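**Student:** See coords13.cif below, with mmCIF, C-alpha atoms.
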data_start
#
loop_
_atom_site.group_PDB
_atom_site.id
_atom_site.type_symbol
_atom_site.label_atom_id
_atom_site.label_comp_id
_atom_site.auth_asym_id
_atom_site.auth_seq_id
_atom_site.Cartn_x
_atom_site.Cartn_y
_atom_site.Cartn_z
ATOM 1 C CA MET A 962 142.269 86.879 182.369
ATOM 2 C CA LYS A 963 140.098 84.122 180.997
ATOM 3 C CA MET A 964 136.454 84.448 181.951
ATOM 4 C CA THR A 965 134.644 81.194 182.495
ATOM 5 C CA HIS A 966 131.263 81.299 180.817
ATOM 6 C CA TYR A 967 128.946 78.407 181.489
ATOM 7 C CA VAL A 968 126.193 77.401 179.105
ATOM 8 C CA PHE A 969 123.202 75.788 180.756
ATOM 9 C CA ALA A 970 121.626 73.158 178.540
ATOM 10 C CA THR A 971 118.316 73.154 180.420
ATOM 11 C CA PRO A 972 116.391 75.509 182.707
ATOM 12 C CA GLU A 973 116.873 72.928 185.458
ATOM 13 C CA GLU A 974 120.665 73.207 185.112
ATOM 14 C CA ALA A 975 120.417 76.983 185.287
ATOM 15 C CA GLU A 976 118.189 76.733 188.355
ATOM 16 C CA ARG A 977 120.565 74.410 190.134
ATOM 17 C CA ALA A 978 123.444 76.796 189.398
ATOM 18 C CA PHE A 979 121.318 79.724 190.604
ATOM 19 C CA TYR A 980 120.623 78.175 193.990
ATOM 20 C CA ASP A 981 124.219 76.960 194.280
ATOM 21 C CA ALA A 982 125.454 80.512 193.686
ATOM 22 C CA PHE A 983 122.859 81.834 196.168
ATOM 23 C CA GLN A 984 123.901 79.307 198.803
ATOM 24 C CA ASN A 985 127.602 79.898 198.220
ATOM 25 C CA ALA A 986 127.233 83.701 198.116
ATOM 26 C CA ASP A 987 129.156 83.605 194.841
ATOM 27 C CA LEU A 988 128.414 86.839 192.985
ATOM 28 C CA HIS A 989 130.442 85.929 189.917
ATOM 29 C CA ALA A 990 128.628 82.608 189.506
ATOM 30 C CA MET A 991 125.293 84.314 190.232
ATOM 31 C CA MET A 992 125.717 86.933 187.529
ATOM 32 C CA ASN A 993 126.843 84.250 185.096
ATOM 33 C CA ILE A 994 123.369 82.720 185.347
ATOM 34 C CA TRP A 995 121.519 85.944 184.614
ATOM 35 C CA ALA A 996 120.983 86.871 180.966
ATOM 36 C CA ASP A 997 123.258 89.546 179.592
ATOM 37 C CA ARG A 998 120.256 91.757 178.910
ATOM 38 C CA GLU A 999 119.130 95.016 180.410
ATOM 39 C CA PHE A 1000 115.510 93.812 180.739
ATOM 40 C CA ILE A 1001 116.318 91.291 183.469
ATOM 41 C CA GLU A 1002 114.489 91.900 186.763
ATOM 42 C CA CYS A 1003 115.075 90.685 190.292
ATOM 43 C CA ILE A 1004 112.611 91.220 193.131
ATOM 44 C CA HIS A 1005 113.793 90.123 196.553
ATOM 45 C CA PRO A 1006 111.202 89.658 199.343
ATOM 46 C CA LEU A 1007 109.641 93.023 200.231
ATOM 47 C CA CYS A 1008 112.116 94.828 197.973
ATOM 48 C CA ASP A 1009 111.455 96.887 194.899
ATOM 49 C CA ARG A 1010 112.202 95.811 191.336
ATOM 50 C CA ALA A 1011 115.909 95.743 190.453
ATOM 51 C CA ARG A 1012 116.212 96.016 186.696
ATOM 52 C CA GLY A 1013 119.294 95.539 184.535
ATOM 53 C CA ARG A 1014 122.567 93.804 185.310
ATOM 54 C CA THR A 1015 124.067 96.513 187.489
ATOM 55 C CA ALA A 1016 121.032 96.812 189.753
ATOM 56 C CA VAL A 1017 120.585 93.028 189.918
ATOM 57 C CA ALA A 1018 124.271 92.507 190.798
ATOM 58 C CA ASP A 1019 124.062 95.222 193.465
ATOM 59 C CA SER A 1020 121.016 93.534 195.014
ATOM 60 C CA TRP A 1021 122.834 90.199 195.299
ATOM 61 C CA GLN A 1022 126.012 91.850 196.567
ATOM 62 C CA GLU A 1023 123.952 93.339 199.397
ATOM 63 C CA ILE A 1024 122.462 89.963 200.270
ATOM 64 C CA PHE A 1025 125.840 88.210 200.100
ATOM 65 C CA SER A 1026 127.561 90.857 202.238
ATOM 66 C CA GLY A 1027 125.986 89.289 205.342
ATOM 67 C CA GLY A 1028 128.632 86.577 205.194
ATOM 68 C CA LEU A 1029 126.573 83.848 206.878
ATOM 69 C CA GLN A 1030 126.726 80.308 205.511
ATOM 70 C CA ILE A 1031 123.160 79.531 204.551
ATOM 71 C CA GLN A 1032 121.468 76.377 203.381
ATOM 72 C CA LEU A 1033 118.682 76.374 200.803
ATOM 73 C CA GLU A 1034 116.114 73.718 200.066
ATOM 74 C CA LEU A 1035 113.264 73.788 197.567
ATOM 75 C CA SER A 1036 109.822 72.260 197.688
ATOM 76 C CA GLU A 1037 106.719 72.072 195.499
ATOM 77 C CA VAL A 1038 108.680 72.975 192.388
ATOM 78 C CA HIS A 1039 106.218 73.627 189.577
ATOM 79 C CA ARG A 1040 107.537 73.990 186.026
ATOM 80 C CA THR A 1041 106.020 75.219 182.761
ATOM 81 C CA GLN A 1042 108.127 75.471 179.645
ATOM 82 C CA ASP A 1043 108.050 76.021 175.932
ATOM 83 C CA ALA A 1044 110.782 76.431 173.333
ATOM 84 C CA LEU A 1045 112.357 79.636 174.624
ATOM 85 C CA LEU A 1046 110.894 80.374 178.069
ATOM 86 C CA ALA A 1047 110.657 78.325 181.245
ATOM 87 C CA VAL A 1048 108.738 79.245 184.389
ATOM 88 C CA HIS A 1049 109.530 77.618 187.730
ATOM 89 C CA ILE A 1050 107.519 78.383 190.858
ATOM 90 C CA VAL A 1051 109.039 77.112 194.102
ATOM 91 C CA TYR A 1052 109.113 77.405 197.846
ATOM 92 C CA GLU A 1053 112.593 78.334 199.072
ATOM 93 C CA HIS A 1054 113.482 77.138 202.572
ATOM 94 C CA LEU A 1055 116.435 79.033 203.948
ATOM 95 C CA SER A 1056 118.262 78.130 207.097
ATOM 96 C CA VAL A 1057 121.487 79.092 208.835
ATOM 97 C CA PRO A 1058 122.883 75.796 210.180
ATOM 98 C CA VAL A 1059 125.459 77.404 212.478
ATOM 99 C CA ARG A 1060 122.651 79.207 214.257
ATOM 100 C CA ASP A 1061 120.121 76.375 213.872
ATOM 101 C CA THR A 1062 117.751 78.978 212.482
ATOM 102 C CA HIS A 1063 115.053 78.193 209.913
ATOM 103 C CA TYR A 1064 113.232 80.994 208.154
ATOM 104 C CA PRO A 1065 109.630 80.914 206.895
ATOM 105 C CA PRO A 1066 109.484 79.753 203.286
ATOM 106 C CA VAL A 1067 109.711 82.240 200.456
ATOM 107 C CA ILE A 1068 107.674 81.898 197.257
ATOM 108 C CA ALA A 1069 109.770 82.438 194.143
ATOM 109 C CA THR A 1070 108.876 82.655 190.485
ATOM 110 C CA ASN A 1071 111.992 82.029 188.397
ATOM 111 C CA ILE A 1072 111.950 82.581 184.657
ATOM 112 C CA TYR A 1073 114.638 81.327 182.289
ATOM 113 C CA GLN A 1074 115.063 82.175 178.639
ATOM 114 C CA LEU A 1075 116.977 80.325 175.922
ATOM 115 C CA ILE A 1076 119.461 82.879 174.605
ATOM 116 C CA ASP A 1077 122.304 82.087 172.202
ATOM 117 C CA GLY A 1078 121.968 78.366 172.831
ATOM 118 C CA GLY A 1079 121.891 78.432 176.635
ATOM 119 C CA TRP A 1080 119.276 78.942 179.342
ATOM 120 C CA ARG A 1081 119.726 82.087 181.431
ATOM 121 C CA MET A 1082 117.691 83.650 184.193
ATOM 122 C CA VAL A 1083 115.632 86.693 183.259
ATOM 123 C CA LEU A 1084 113.403 87.047 186.338
ATOM 124 C CA HIS A 1085 113.550 86.123 190.012
ATOM 125 C CA HIS A 1086 110.445 87.310 191.873
ATOM 126 C CA ALA A 1087 110.503 86.315 195.542
ATOM 127 C CA SER A 1088 107.962 87.167 198.206
ATOM 128 C CA PRO A 1089 107.257 86.098 201.776
ATOM 129 C CA THR A 1090 104.606 83.590 202.743
ATOM 130 C CA PRO A 1091 102.069 84.691 205.361
ATOM 131 C CA ALA A 1092 103.779 85.155 208.708
ATOM 132 C CA GLU A 1093 100.947 83.558 210.646
ATOM 133 C CA GLU A 1094 100.996 80.382 208.608
ATOM 134 C CA GLN A 1095 102.681 77.332 210.072
ATOM 135 C CA HIS A 1096 104.811 75.529 207.547
ATOM 136 C CA ASP A 1097 105.520 72.371 209.445
ATOM 137 C CA ASN A 1098 106.988 69.212 208.045
ATOM 138 C CA ASP A 1099 103.672 67.955 206.742
ATOM 139 C CA GLU A 1100 103.340 70.996 204.557
ATOM 140 C CA LEU A 1101 106.901 70.736 203.368
ATOM 141 C CA MET A 1102 106.300 67.204 202.215
ATOM 142 C CA PRO A 1103 103.039 67.330 200.282
ATOM 143 C CA GLU A 1104 101.859 64.249 198.468
ATOM 144 C CA ASP A 1105 102.792 65.697 195.105
ATOM 145 C CA GLY A 1106 106.051 67.359 196.027
ATOM 146 C CA ASN A 1107 109.496 66.751 197.403
ATOM 147 C CA ILE A 1108 112.020 68.825 199.159
ATOM 148 C CA GLN A 1109 115.039 69.062 196.918
ATOM 149 C CA ARG A 1110 118.213 69.260 198.897
ATOM 150 C CA LEU A 1111 120.763 71.143 196.845
ATOM 151 C CA HIS A 1112 123.801 69.621 198.486
ATOM 152 C CA MET B 1049 72.330 78.769 179.914
ATOM 153 C CA LYS B 1050 74.855 79.806 177.348
ATOM 154 C CA MET B 1051 78.332 80.306 178.733
ATOM 155 C CA THR B 1052 80.251 83.096 177.099
ATOM 156 C CA HIS B 1053 83.806 82.004 176.455
ATOM 157 C CA TYR B 1054 86.180 84.650 175.245
ATOM 158 C CA VAL B 1055 89.308 83.879 173.266
ATOM 159 C CA PHE B 1056 92.115 86.372 173.749
ATOM 160 C CA ALA B 1057 94.150 86.835 170.598
ATOM 161 C CA THR B 1058 97.143 88.321 172.404
ATOM 162 C CA PRO B 1059 98.568 88.340 175.942
ATOM 163 C CA GLU B 1060 97.838 92.077 176.022
ATOM 164 C CA GLU B 1061 94.136 91.409 175.400
ATOM 165 C CA ALA B 1062 94.119 88.834 178.175
ATOM 166 C CA GLU B 1063 95.888 91.267 180.501
ATOM 167 C CA ARG B 1064 93.414 94.050 179.777
ATOM 168 C CA ALA B 1065 90.544 91.641 180.502
ATOM 169 C CA PHE B 1066 92.279 90.501 183.695
ATOM 170 C CA TYR B 1067 92.568 94.009 185.119
ATOM 171 C CA ASP B 1068 89.040 94.882 183.932
ATOM 172 C CA ALA B 1069 87.696 91.849 185.793
ATOM 173 C CA PHE B 1070 89.812 92.760 188.841
ATOM 174 C CA GLN B 1071 88.557 96.356 188.802
ATOM 175 C CA ASN B 1072 84.953 95.303 188.243
ATOM 176 C CA ALA B 1073 85.091 92.528 190.869
ATOM 177 C CA ASP B 1074 83.677 90.199 188.204
ATOM 178 C CA LEU B 1075 84.492 86.647 189.256
ATOM 179 C CA HIS B 1076 82.994 85.039 186.149
ATOM 180 C CA ALA B 1077 85.048 87.239 183.838
ATOM 181 C CA MET B 1078 88.126 86.715 186.020
ATOM 182 C CA MET B 1079 87.948 82.938 185.869
ATOM 183 C CA ASN B 1080 87.357 83.104 182.130
ATOM 184 C CA ILE B 1081 90.838 84.597 181.772
ATOM 185 C CA TRP B 1082 92.591 81.877 183.756
ATOM 186 C CA ALA B 1083 93.589 78.711 181.927
ATOM 187 C CA ASP B 1084 91.394 75.703 182.468
ATOM 188 C CA ARG B 1085 94.315 73.835 183.968
ATOM 189 C CA GLU B 1086 95.021 72.600 187.455
ATOM 190 C CA PHE B 1087 98.608 73.901 187.386
ATOM 191 C CA ILE B 1088 97.563 77.559 187.442
ATOM 192 C CA GLU B 1089 98.843 79.505 190.448
ATOM 193 C CA CYS B 1090 97.823 82.795 192.017
ATOM 194 C CA ILE B 1091 99.813 84.542 194.748
ATOM 195 C CA HIS B 1092 98.210 87.649 196.229
ATOM 196 C CA PRO B 1093 100.388 90.064 198.245
ATOM 197 C CA LEU B 1094 101.586 88.362 201.441
ATOM 198 C CA CYS B 1095 99.354 85.355 200.744
ATOM 199 C CA ASP B 1096 100.348 81.785 200.113
ATOM 200 C CA ARG B 1097 100.201 80.030 196.724
ATOM 201 C CA ALA B 1098 96.683 79.246 195.523
ATOM 202 C CA ARG B 1099 96.918 76.408 193.011
ATOM 203 C CA GLY B 1100 94.218 75.068 190.704
ATOM 204 C CA ARG B 1101 90.963 76.661 189.558
ATOM 205 C CA THR B 1102 89.018 76.150 192.767
ATOM 206 C CA ALA B 1103 91.663 77.699 195.021
ATOM 207 C CA VAL B 1104 92.303 80.544 192.566
ATOM 208 C CA ALA B 1105 88.573 81.321 192.281
ATOM 209 C CA ASP B 1106 88.219 81.237 196.075
ATOM 210 C CA SER B 1107 91.084 83.700 196.441
ATOM 211 C CA TRP B 1108 89.457 86.186 194.066
ATOM 212 C CA GLN B 1109 86.038 85.685 195.627
ATOM 213 C CA GLU B 1110 87.543 86.695 198.954
ATOM 214 C CA ILE B 1111 89.096 89.820 197.444
ATOM 215 C CA PHE B 1112 85.901 90.760 195.614
ATOM 216 C CA SER B 1113 83.730 90.252 198.692
ATOM 217 C CA GLY B 1114 84.904 93.634 200.025
ATOM 218 C CA GLY B 1115 82.474 95.308 197.641
ATOM 219 C CA LEU B 1116 84.437 98.557 197.243
ATOM 220 C CA GLN B 1117 84.706 100.120 193.786
ATOM 221 C CA ILE B 1118 88.416 100.226 193.104
ATOM 222 C CA GLN B 1119 90.456 101.783 190.337
ATOM 223 C CA LEU B 1120 93.590 100.154 188.947
ATOM 224 C CA GLU B 1121 96.374 101.706 186.945
ATOM 225 C CA LEU B 1122 99.550 100.074 185.664
ATOM 226 C CA SER B 1123 103.034 101.468 185.177
ATOM 227 C CA GLU B 1124 106.414 100.252 183.968
ATOM 228 C CA VAL B 1125 104.883 97.330 182.113
ATOM 229 C CA HIS B 1126 107.689 95.059 180.967
ATOM 230 C CA ARG B 1127 106.891 92.252 178.523
ATOM 231 C CA THR B 1128 108.809 89.205 177.298
ATOM 232 C CA GLN B 1129 107.164 86.733 174.953
ATOM 233 C CA ASP B 1130 107.743 83.793 172.712
ATOM 234 C CA ALA B 1131 105.413 81.494 170.810
ATOM 235 C CA LEU B 1132 103.491 80.005 173.705
ATOM 236 C CA LEU B 1133 104.379 81.953 176.871
ATOM 237 C CA ALA B 1134 104.268 85.646 177.699
ATOM 238 C CA VAL B 1135 105.651 87.274 180.844
ATOM 239 C CA HIS B 1136 104.471 90.719 181.957
ATOM 240 C CA ILE B 1137 105.953 92.465 184.977
ATOM 241 C CA VAL B 1138 104.052 95.543 186.153
ATOM 242 C CA TYR B 1139 103.407 97.906 188.984
ATOM 243 C CA GLU B 1140 99.730 97.902 189.973
ATOM 244 C CA HIS B 1141 98.420 101.141 191.498
ATOM 245 C CA LEU B 1142 95.175 100.569 193.331
ATOM 246 C CA SER B 1143 92.956 103.296 194.658
ATOM 247 C CA VAL B 1144 89.461 103.621 196.065
ATOM 248 C CA PRO B 1145 88.079 106.824 194.511
ATOM 249 C CA VAL B 1146 85.096 107.102 196.858
ATOM 250 C CA ARG B 1147 87.503 107.226 199.788
ATOM 251 C CA ASP B 1148 90.222 109.145 197.920
ATOM 252 C CA THR B 1149 92.618 106.452 199.103
ATOM 253 C CA HIS B 1150 95.689 105.399 197.161
ATOM 254 C CA TYR B 1151 97.604 102.278 198.128
ATOM 255 C CA PRO B 1152 101.339 101.664 197.717
ATOM 256 C CA PRO B 1153 102.099 100.007 194.389
ATOM 257 C CA VAL B 1154 102.142 96.242 194.085
ATOM 258 C CA ILE B 1155 104.639 94.381 191.902
ATOM 259 C CA ALA B 1156 103.000 91.710 189.776
ATOM 260 C CA THR B 1157 104.414 89.055 187.488
ATOM 261 C CA ASN B 1158 101.682 87.870 185.130
ATOM 262 C CA ILE B 1159 102.236 84.880 182.877
ATOM 263 C CA TYR B 1160 100.018 83.977 179.950
ATOM 264 C CA GLN B 1161 100.073 80.805 177.892
ATOM 265 C CA LEU B 1162 98.702 80.133 174.412
ATOM 266 C CA ILE B 1163 96.278 77.241 174.895
ATOM 267 C CA ASP B 1164 93.868 75.992 172.239
ATOM 268 C CA GLY B 1165 94.323 79.111 170.136
ATOM 269 C CA GLY B 1166 93.840 81.697 172.878
ATOM 270 C CA TRP B 1167 95.992 83.363 175.523
ATOM 271 C CA ARG B 1168 95.058 82.544 179.110
ATOM 272 C CA MET B 1169 96.567 83.465 182.430
ATOM 273 C CA VAL B 1170 98.555 80.740 184.200
ATOM 274 C CA LEU B 1171 100.289 82.764 186.940
ATOM 275 C CA HIS B 1172 99.658 85.967 188.877
ATOM 276 C CA HIS B 1173 102.379 86.597 191.469
ATOM 277 C CA ALA B 1174 101.832 89.847 193.342
ATOM 278 C CA SER B 1175 103.895 91.247 196.194
ATOM 279 C CA PRO B 1176 104.142 94.534 198.071
ATOM 280 C CA THR B 1177 106.765 97.170 197.388
ATOM 281 C CA PRO B 1178 108.806 98.347 200.371
ATOM 282 C CA ALA B 1179 106.584 100.220 202.815
ATOM 283 C CA GLU B 1180 109.190 102.853 203.497
ATOM 284 C CA GLU B 1181 109.607 103.751 199.868
ATOM 285 C CA GLN B 1182 107.899 106.863 198.599
ATOM 286 C CA HIS B 1183 106.241 106.288 195.253
ATOM 287 C CA ASP B 1184 105.410 109.837 194.324
ATOM 288 C CA ASN B 1185 104.269 111.049 190.944
ATOM 289 C CA ASP B 1186 107.798 111.317 189.613
ATOM 290 C CA GLU B 1187 108.353 107.639 190.232
ATOM 291 C CA LEU B 1188 105.035 106.717 188.683
ATOM 292 C CA MET B 1189 106.029 108.521 185.511
ATOM 293 C CA PRO B 1190 109.529 107.251 184.750
ATOM 294 C CA GLU B 1191 111.191 108.284 181.546
ATOM 295 C CA ASP B 1192 110.762 104.892 179.985
ATOM 296 C CA GLY B 1193 107.285 104.088 181.239
ATOM 297 C CA ASN B 1194 103.723 105.274 181.209
ATOM 298 C CA ILE B 1195 100.832 104.830 183.526
ATOM 299 C CA GLN B 1196 98.177 102.923 181.658
ATOM 300 C CA ARG B 1197 94.728 103.968 182.736
ATOM 301 C CA LEU B 1198 92.424 101.050 182.221
ATOM 302 C CA HIS B 1199 89.267 103.100 181.829
#
What does this structure look like when you write it as structure tokens?
**Tutor:**
Amino acid sequence: MKMTHYVFATPEEAERAFYDAFQNADLHAMMNIWADREFIECIHPLCDRARGRTAVADSWQEIFSGGLQIQLELSEVHRTQDALLAVHIVYEHLSVPVRDTHYPPVIATNIYQLIDGGWRMVLHHASPTPAEEQHDNDELMPEDGNIQRLH
Amino acid sequence: MKMTHYVFATPEEAERAFYDAFQNADLHAMMNIWADREFIECIHPLCDRARGRTAVADSWQEIFSGGLQIQLELSEVHRTQDALLAVHIVYEHLSVPVRDTHYPPVIATNIYQLIDGGWRMVLHHASPTPAEEQHDNDELMPEDGNIQRLH
């Protein structure tokens, strides 16, 4: 069996693939984005640290097992990068179109590392925004930011 | 008035100063550790993103206004670094000795950047661990980690 192994030329490419895999509940694609290193860490909202490929894969499998078709949008994407590391801080806006349900935004810090010529994810740290805060359309469209529709 | 401006030779030095300032509720020292850049971001547990020096300083001022003498310990410190960026992921264990109160651990991603010859903080993203999880002494002393007492 031939394994497809994508190489992401930029952190932005890796991030797009990450949110595509998230949205499509595609575990194989998701784990292809994560670095093949045991130091990788994934922290889902209000969850503990999952460290290493097995724990990270298990955490995504659990999320994907829900089976609902979700839609993800990003806003206020803030990027810092040097030669080998890239840090993206974003708001994730998750919705379930079939239910017309929109969830409060999640804050995520995503870190990518250049390994063997390609950018791979090494950290996803996601946490909830304050429940009492209203994130209406004005806040989703700040003067210096844009919602990025993934599809 | 002479302003003391420290230069941190390593991310570890900056991190030690960060948790010292946190523990000592020293706003001046705290803001000395953060980069003098408007892209800095600070996310306290269950709080929204504070961006820029004014918002970050305000967020710490609010935390420090409680006036309680706290103690902070770190465990499972995980570091990734290249020439200009350093990523530390830690558990923070906060307690109030005078009340003999220990709080559930907080997960923090701390990012430092080499700017003008010194390492400065550019991101602190902190979020709660699951409330239902028991973090007893065994978990605080994993085989591959050590609690680091700051003082």
**Student:** Taking the file above as input, evaluate the PyMOL selection byres ((chain A) within 6 of (chain B)) and report the hits as an NGL selection string.
**Tutor:** :A and (1007-1009 or 1090-1091)
**Student:** Export, as a compact mmCIF listing (two decimals), keeping the file's coordinate frame, the selected residues with C-alpha atoms.
**Tutor:**
# COMPACT_ATOMS: atom_id res chain seq x y z
CA LEU A 1007 109.64 93.02 200.23
CA CYS A 1008 112.12 94.83 197.97
CA ASP A 1009 111.46 96.89 194.90
CA THR A 1090 104.61 83.59 202.74
CA PRO A 1091 102.07 84.69 205.36
**Student:** Rounded to one decimal, what separation in Å do you get between CA of Met1079 in chain B and CA of Gln1109 in chain B?
**Tutor:** 10.3 Å
**Student:** Return chain A as a compact mmCIF listing (two decimals) with C-alpha atoms, in the coordinates of the input, after superposing it on chain B by a least-squares fit that covers all C-alpha atoms paired in order.
**Tutor:**
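So the final result, stored in out.txt, reads:
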# COMPACT_ATOMS: atom_id res chain seq x y z
CA MET A 962 72.37 78.41 179.76
CA LYS A 963 74.89 79.57 177.20
CA MET A 964 78.32 80.22 178.64
CA THR A 965 80.23 83.04 177.04
CA HIS A 966 83.81 82.00 176.43
CA TYR A 967 86.17 84.68 175.24
CA VAL A 968 89.30 83.92 173.27
CA PHE A 969 92.10 86.40 173.75
CA ALA A 970 94.15 86.84 170.60
CA THR A 971 97.14 88.35 172.41
CA PRO A 972 98.56 88.36 175.94
CA GLU A 973 97.83 92.09 176.02
CA GLU A 974 94.12 91.43 175.41
CA ALA A 975 94.11 88.85 178.19
CA GLU A 976 95.87 91.29 180.51
CA ARG A 977 93.40 94.05 179.80
CA ALA A 978 90.53 91.66 180.51
CA PHE A 979 92.27 90.52 183.70
CA TYR A 980 92.55 94.02 185.12
CA ASP A 981 89.03 94.88 183.95
CA ALA A 982 87.68 91.84 185.81
CA PHE A 983 89.80 92.77 188.86
CA GLN A 984 88.53 96.35 188.81
CA ASN A 985 84.93 95.30 188.26
CA ALA A 986 85.08 92.52 190.88
CA ASP A 987 83.67 90.20 188.22
CA LEU A 988 84.48 86.64 189.27
CA HIS A 989 82.99 85.04 186.17
CA ALA A 990 85.04 87.25 183.85
CA MET A 991 88.12 86.73 186.04
CA MET A 992 87.95 82.95 185.89
CA ASN A 993 87.36 83.12 182.14
CA ILE A 994 90.84 84.60 181.77
CA TRP A 995 92.58 81.89 183.77
CA ALA A 996 93.59 78.72 181.92
CA ASP A 997 91.39 75.71 182.47
CA ARG A 998 94.32 73.84 183.97
CA GLU A 999 95.01 72.60 187.45
CA PHE A 1000 98.61 73.91 187.39
CA ILE A 1001 97.56 77.57 187.44
CA GLU A 1002 98.84 79.53 190.46
CA CYS A 1003 97.82 82.81 192.01
CA ILE A 1004 99.80 84.55 194.75
CA HIS A 1005 98.19 87.64 196.23
CA PRO A 1006 100.36 90.06 198.25
CA LEU A 1007 101.57 88.36 201.45
CA CYS A 1008 99.35 85.35 200.74
CA ASP A 1009 100.33 81.78 200.10
CA ARG A 1010 100.19 80.03 196.73
CA ALA A 1011 96.66 79.24 195.51
CA ARG A 1012 96.90 76.42 193.01
CA GLY A 1013 94.21 75.08 190.70
CA ARG A 1014 90.97 76.67 189.56
CA THR A 1015 89.00 76.15 192.75
CA ALA A 1016 91.65 77.68 195.00
CA VAL A 1017 92.29 80.54 192.56
CA ALA A 1018 88.55 81.30 192.27
CA ASP A 1019 88.20 81.22 196.07
CA SER A 1020 91.08 83.69 196.44
CA TRP A 1021 89.45 86.17 194.06
CA GLN A 1022 86.02 85.67 195.63
CA GLU A 1023 87.55 86.69 198.96
CA ILE A 1024 89.09 89.81 197.45
CA PHE A 1025 85.89 90.75 195.62
CA SER A 1026 83.71 90.23 198.70
CA GLY A 1027 84.90 93.60 200.04
CA GLY A 1028 82.48 95.29 197.66
CA LEU A 1029 84.43 98.54 197.26
CA GLN A 1030 84.69 100.12 193.82
CA ILE A 1031 88.40 100.23 193.13
CA GLN A 1032 90.43 101.78 190.37
CA LEU A 1033 93.57 100.16 188.96
CA GLU A 1034 96.37 101.71 186.98
CA LEU A 1035 99.55 100.10 185.69
CA SER A 1036 103.02 101.48 185.22
CA GLU A 1037 106.42 100.28 184.01
CA VAL A 1038 104.89 97.36 182.15
CA HIS A 1039 107.70 95.09 180.99
CA ARG A 1040 106.90 92.29 178.54
CA THR A 1041 108.80 89.23 177.32
CA GLN A 1042 107.17 86.76 174.98
CA ASP A 1043 107.76 83.79 172.76
CA ALA A 1044 105.42 81.53 170.81
CA LEU A 1045 103.49 80.03 173.71
CA LEU A 1046 104.38 81.98 176.86
CA ALA A 1047 104.26 85.67 177.72
CA VAL A 1048 105.64 87.31 180.85
CA HIS A 1049 104.46 90.75 181.96
CA ILE A 1050 105.94 92.49 185.00
CA VAL A 1051 104.03 95.56 186.18
CA TYR A 1052 103.39 97.94 189.01
CA GLU A 1053 99.71 97.92 190.00
CA HIS A 1054 98.39 101.15 191.51
CA LEU A 1055 95.16 100.57 193.35
CA SER A 1056 92.94 103.29 194.68
CA VAL A 1057 89.44 103.61 196.09
CA PRO A 1058 88.07 106.83 194.54
CA VAL A 1059 85.09 107.11 196.90
CA ARG A 1060 87.49 107.22 199.82
CA ASP A 1061 90.21 109.14 197.96
CA THR A 1062 92.60 106.45 199.13
CA HIS A 1063 95.69 105.39 197.18
CA TYR A 1064 97.58 102.27 198.15
CA PRO A 1065 101.33 101.67 197.74
CA PRO A 1066 102.07 100.01 194.42
CA VAL A 1067 102.12 96.25 194.11
CA ILE A 1068 104.62 94.40 191.92
CA ALA A 1069 102.98 91.72 189.79
CA THR A 1070 104.39 89.08 187.50
CA ASN A 1071 101.66 87.90 185.13
CA ILE A 1072 102.22 84.91 182.88
CA TYR A 1073 100.00 84.00 179.95
CA GLN A 1074 100.07 80.84 177.90
CA LEU A 1075 98.69 80.16 174.42
CA ILE A 1076 96.28 77.27 174.89
CA ASP A 1077 93.88 76.00 172.23
CA GLY A 1078 94.34 79.12 170.14
CA GLY A 1079 93.85 81.72 172.88
CA TRP A 1080 96.00 83.39 175.53
CA ARG A 1081 95.06 82.56 179.12
CA MET A 1082 96.56 83.47 182.45
CA VAL A 1083 98.55 80.76 184.21
CA LEU A 1084 100.27 82.78 186.95
CA HIS A 1085 99.64 85.98 188.88
CA HIS A 1086 102.36 86.61 191.47
CA ALA A 1087 101.82 89.87 193.36
CA SER A 1088 103.88 91.26 196.20
CA PRO A 1089 104.11 94.54 198.08
CA THR A 1090 106.74 97.17 197.42
CA PRO A 1091 108.79 98.35 200.40
CA ALA A 1092 106.58 100.24 202.83
CA GLU A 1093 109.18 102.90 203.51
CA GLU A 1094 109.63 103.76 199.86
CA GLN A 1095 107.93 106.86 198.53
CA HIS A 1096 106.31 106.28 195.18
CA ASP A 1097 105.52 109.82 194.22
CA ASN A 1098 104.47 111.03 190.83
CA ASP A 1099 108.01 111.22 189.53
CA GLU A 1100 108.48 107.54 190.15
CA LEU A 1101 105.16 106.69 188.60
CA MET A 1102 106.13 108.46 185.43
CA PRO A 1103 109.63 107.23 184.63
CA GLU A 1104 111.25 108.25 181.39
CA ASP A 1105 110.74 104.82 179.89
CA GLY A 1106 107.29 104.07 181.21
CA ASN A 1107 103.72 105.26 181.25
CA ILE A 1108 100.84 104.84 183.55
CA GLN A 1109 98.18 102.93 181.69
CA ARG A 1110 94.74 103.97 182.75
CA LEU A 1111 92.41 101.04 182.23
CA HIS A 1112 89.26 103.09 181.88
**Student:** Once the PyMOL selection byres ((chain B and resi 1075) around 8) is applied to the coordinates I shared, what remains selected? I want it as a PyMOL selection string.
**Tutor:** chain B and resi 1069+1073-1074+1076-1079+1105+1108-1109+1112
**Student:** Check what the PyMOL selection byres ((chain B and resi 1060) around 12) selects in the file above and give those residues as a list in words.
**Tutor:**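 Checking the PyMOL selection byres ((chain B and resi 1060) around 12) against this file, the residues are Phe1056, Ala1057, Thr1058, Pro1059, Glu1061, Ala1062, Glu1063, Arg1064, Ala1065, Phe1066, Tyr1067, Ile1081, Val1125, His1126, Arg1127, Thr1128, Gln1129, Ala1134, Val1135, His1136, Asn1158, Ile1159, Tyr1160, Gln1161, Gly1166, Trp1167, Arg1168 and Met1169 of chain B.
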**Student:** Just checking: using only C-alpha atoms, which residue out of A:Val1059, A:Tyr967, A:Ala1011, A:Glu999 ends up closest to Gly1078 in chain A?
**Tutor:**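 Counting only C-alpha atoms, the residue closest to Gly1078 in chain A is A:Tyr967.
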**Student:** Hey, could you pull the box centre and edge lengths for range 991-994 of chain A, axis-aligned, 6 Å padding per side, all listed atoms, to one decimal in Å, as lines of an AutoDock Vina configuration file?
**Tutor:**
center_x = 125.1
center_y = 84.8
center_z = 187.7
size_x = 15.5
size_y = 16.2
size_z = 17.1
